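Data block below; observations after.
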Amino acid sequence: MSQPDSDRSSSRRILSALADGDATGSEAARAFQAWRDDPDARASWHAYQLIGDVLRSDDLAAEPAADEAFLVALRARLATEPVVLAPQPRVEEQAVAQPVAANAAARSRARWQGPMAMAAGFLAVVGVLNVAGPFRHGSNASVASNGAPASGPVLAATTSVNNSGLVLTSAQTPAETKAAADQLAPYLAAHRQSAMNGPFQMPGSDLRNVSLVQPAK
Amino acid sequence: MTMLNPDPDAALVQRVKEGDVRAFEMLVVKYQRRIERLIGRMVRDVDLVADIAQETFIRAYRALPQFRAESAFYTWLYRIAVNTAKKALVDMKRDPVMTHTALQGADDDDETYRGGMEPTDGETPEALLASKEIAATVNAAIAALSEDLRQAITLREIEGLSYEEISDVMNCPIGTVRSRIFRAREAIAERLRPLLDTRDGKRW
């Protein structure tokens, strides 16, 4: 890679500042890019760090081939590492690189975020009503009918919730729905029984009379 | 170690946390020699030292999202290295094929233990010669620097002062400090570069 001397010097100057934690944000971004793209920048970074180490102690002077071999081996291991970091968007770079695409994506998100939030809210309310239903009205209180639909084999044209708490979609047939409900029925029955005896039971349902007997003085 | 000055590695660490693995390589190049020396004082098998150092950096990379900058990055990395070396020593004690040399100094928890300063078994005479040549070149280059440049880089690298503190000591603007340290590094690197070219003239 041929690079003008002034660019090379500027890049090295920034690397020197970054090594001491004195680079500005834009300088640091340039240094990271240089590390990726420019062998001279990588060699300079290594040289600066080695110089610092040798100034601190002669026994930190290492054979450069050993340093390089160490990095190559580690690079290979890092390449096999699962992604454990949580990347955050680098706003300034994305804005510079693809402002049009970013704006379009933001507009697209804004378009469906409102309806999706409303739909999620609706489903949450439906879910709560459904869970509370058996306690209020008995087992038949449900938002969507569990019986055969009036309009053909597809149970519902839109998403709905049956009395077992299943979310039904237009792709589910009555047979599929029944099979799923049968699978969940024992679990839900046990859950309801547990809930009736759990911490949310009605107060007063299981009280005992206790009398206080004071010892005679 | 208290953090009197901002961590000089903060920008690099942040960059890695944002998902730039290559920025982690810069930290590796910066600390690899110090970490290897630290491990070498606990485990004196040169092959094992490199392996434990690799494991140290891998563990640090995995744990970096949890690094809260309550200490300097190097202090945190140092702790990982010590723990990794201790674990390796415990594993070796359980392993019947362990070598005697690998366990020398195994019971010494002191991180400043200096018992292993003689050459480790795996170091070749060529490697030792190259190391000595590099040290001699750096020291000769330092001696040849002007007083201002030598003082600036010494205050930074040996005393660990920040640019602001150096500007106070040297009674000059921070920009001048930055420039002097860069010029000092470049002057030394200029002499060093012929020794740093790796095989086939390739570098990094």
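Starting from 1 in every chain, residues are counted up; chains themselves are A, B, ... following the order of the structure tokens, and ligands are numbered from 1 as listed.
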When you get a sec, could you note down which chain A residues fall within 7 Å of chain B, using only C-alpha atoms, as a ChimeraX atom specification?
/A:13,16-17,20-21,32,36,39,42-43,46-49,51-52,54-56,58,60-65,68,74,84-88
Residues near region 73-80 of chain B, cut-off 7 Å, only C-alpha atoms, skip fewer than 5 positions along chain, as a PyMOL selection string:
chain B and resi 9+35+56+60
Region 5-87 of chain A: which residues are alpha helix (DSSP H) by DSSP, as a PyMOL selection string?
chain A and resi 5-19+25-37+39-56+64-80
With C-alpha atoms retained, write the just-selected residues as a PDB file, in the first residue's frame.
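For reference, again.pdb as written:
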```pdb
ATOM      1  CA  ASP A   5       4.437  10.475   3.949  1.00  0.00           C
ATOM      2  CA  SER A   6       2.224  13.175   5.429  1.00  0.00           C
ATOM      3  CA  ASP A   7      -0.676  10.716   5.810  1.00  0.00           C
ATOM      4  CA  ARG A   8       1.620   8.124   7.295  1.00  0.00           C
ATOM      5  CA  SER A   9       3.075  10.615   9.730  1.00  0.00           C
ATOM      6  CA  SER A  10      -0.381  11.832  10.674  1.00  0.00           C
ATOM      7  CA  SER A  11      -1.551   8.276  11.242  1.00  0.00           C
ATOM      8  CA  ARG A  12       1.451   7.518  13.430  1.00  0.00           C
ATOM      9  CA  ARG A  13       0.939  10.731  15.399  1.00  0.00           C
ATOM     10  CA  ILE A  14      -2.620   9.669  16.181  1.00  0.00           C
ATOM     11  CA  LEU A  15      -1.519   6.167  17.165  1.00  0.00           C
ATOM     12  CA  SER A  16       0.999   7.689  19.550  1.00  0.00           C
ATOM     13  CA  ALA A  17      -1.737   9.780  21.158  1.00  0.00           C
ATOM     14  CA  LEU A  18      -4.082   6.785  21.335  1.00  0.00           C
ATOM     15  CA  ALA A  19      -1.387   4.746  23.060  1.00  0.00           C
ATOM     16  CA  GLY A  25     -13.046  10.440  19.280  1.00  0.00           C
ATOM     17  CA  SER A  26     -12.495  11.068  15.584  1.00  0.00           C
ATOM     18  CA  GLU A  27      -8.763  10.433  15.924  1.00  0.00           C
ATOM     19  CA  ALA A  28      -9.420   7.164  17.690  1.00  0.00           C
ATOM     20  CA  ALA A  29     -11.810   6.119  14.918  1.00  0.00           C
ATOM     21  CA  ARG A  30      -9.072   6.874  12.386  1.00  0.00           C
ATOM     22  CA  ALA A  31      -6.557   4.886  14.380  1.00  0.00           C
ATOM     23  CA  PHE A  32      -8.859   1.854  14.533  1.00  0.00           C
ATOM     24  CA  GLN A  33      -9.340   2.059  10.799  1.00  0.00           C
ATOM     25  CA  ALA A  34      -5.596   2.360  10.269  1.00  0.00           C
ATOM     26  CA  TRP A  35      -5.008  -0.726  12.399  1.00  0.00           C
ATOM     27  CA  ARG A  36      -7.365  -2.653  10.155  1.00  0.00           C
ATOM     28  CA  ASP A  37      -6.097  -1.407   6.821  1.00  0.00           C
ATOM     29  CA  PRO A  39       0.428  -2.602   7.821  1.00  0.00           C
ATOM     30  CA  ASP A  40       2.576   0.441   8.594  1.00  0.00           C
ATOM     31  CA  ALA A  41       0.123   1.510  11.296  1.00  0.00           C
ATOM     32  CA  ARG A  42       0.191  -1.960  12.830  1.00  0.00           C
ATOM     33  CA  ALA A  43       3.982  -2.022  12.780  1.00  0.00           C
ATOM     34  CA  SER A  44       4.147   1.453  14.331  1.00  0.00           C
ATOM     35  CA  TRP A  45       1.692   0.526  17.084  1.00  0.00           C
ATOM     36  CA  HIS A  46       3.816  -2.513  17.901  1.00  0.00           C
ATOM     37  CA  ALA A  47       7.010  -0.481  17.830  1.00  0.00           C
ATOM     38  CA  TYR A  48       5.621   2.203  20.148  1.00  0.00           C
ATOM     39  CA  GLN A  49       4.383  -0.375  22.644  1.00  0.00           C
ATOM     40  CA  LEU A  50       7.661  -2.282  22.525  1.00  0.00           C
ATOM     41  CA  ILE A  51       9.610   0.931  23.107  1.00  0.00           C
ATOM     42  CA  GLY A  52       7.493   1.691  26.169  1.00  0.00           C
ATOM     43  CA  ASP A  53       8.023  -1.804  27.510  1.00  0.00           C
ATOM     44  CA  VAL A  54      11.793  -1.712  27.000  1.00  0.00           C
ATOM     45  CA  LEU A  55      11.984   1.683  28.694  1.00  0.00           C
ATOM     46  CA  ARG A  56      10.288   0.147  31.712  1.00  0.00           C
ATOM     47  CA  PRO A  64       9.348  -9.436  17.229  1.00  0.00           C
ATOM     48  CA  ALA A  65       8.592 -12.708  15.471  1.00  0.00           C
ATOM     49  CA  ALA A  66       7.357 -14.096  18.798  1.00  0.00           C
ATOM     50  CA  ASP A  67       5.020 -11.142  19.260  1.00  0.00           C
ATOM     51  CA  GLU A  68       3.650 -11.592  15.790  1.00  0.00           C
ATOM     52  CA  ALA A  69       3.215 -15.349  16.202  1.00  0.00           C
ATOM     53  CA  PHE A  70       1.357 -14.733  19.448  1.00  0.00           C
ATOM     54  CA  LEU A  71      -1.059 -12.349  17.759  1.00  0.00           C
ATOM     55  CA  VAL A  72      -1.602 -14.629  14.785  1.00  0.00           C
ATOM     56  CA  ALA A  73      -2.435 -17.543  17.092  1.00  0.00           C
ATOM     57  CA  LEU A  74      -4.749 -15.428  19.197  1.00  0.00           C
ATOM     58  CA  ARG A  75      -6.435 -14.016  16.120  1.00  0.00           C
ATOM     59  CA  ALA A  76      -7.238 -17.572  15.026  1.00  0.00           C
ATOM     60  CA  ARG A  77      -8.748 -18.340  18.428  1.00  0.00           C
ATOM     61  CA  LEU A  78     -10.750 -15.129  18.478  1.00  0.00           C
ATOM     62  CA  ALA A  79     -12.169 -16.036  15.095  1.00  0.00           C
ATOM     63  CA  THR A  80     -13.681 -19.186  16.596  1.00  0.00           C
TER      64      THR A  80
END
```
For CA of Arg68 (chain B) and CA of Val82 (chain B), quote the distance in Å rounded to one decimal.
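Rounded to one decimal, the two atoms are 19.2 Å apart.
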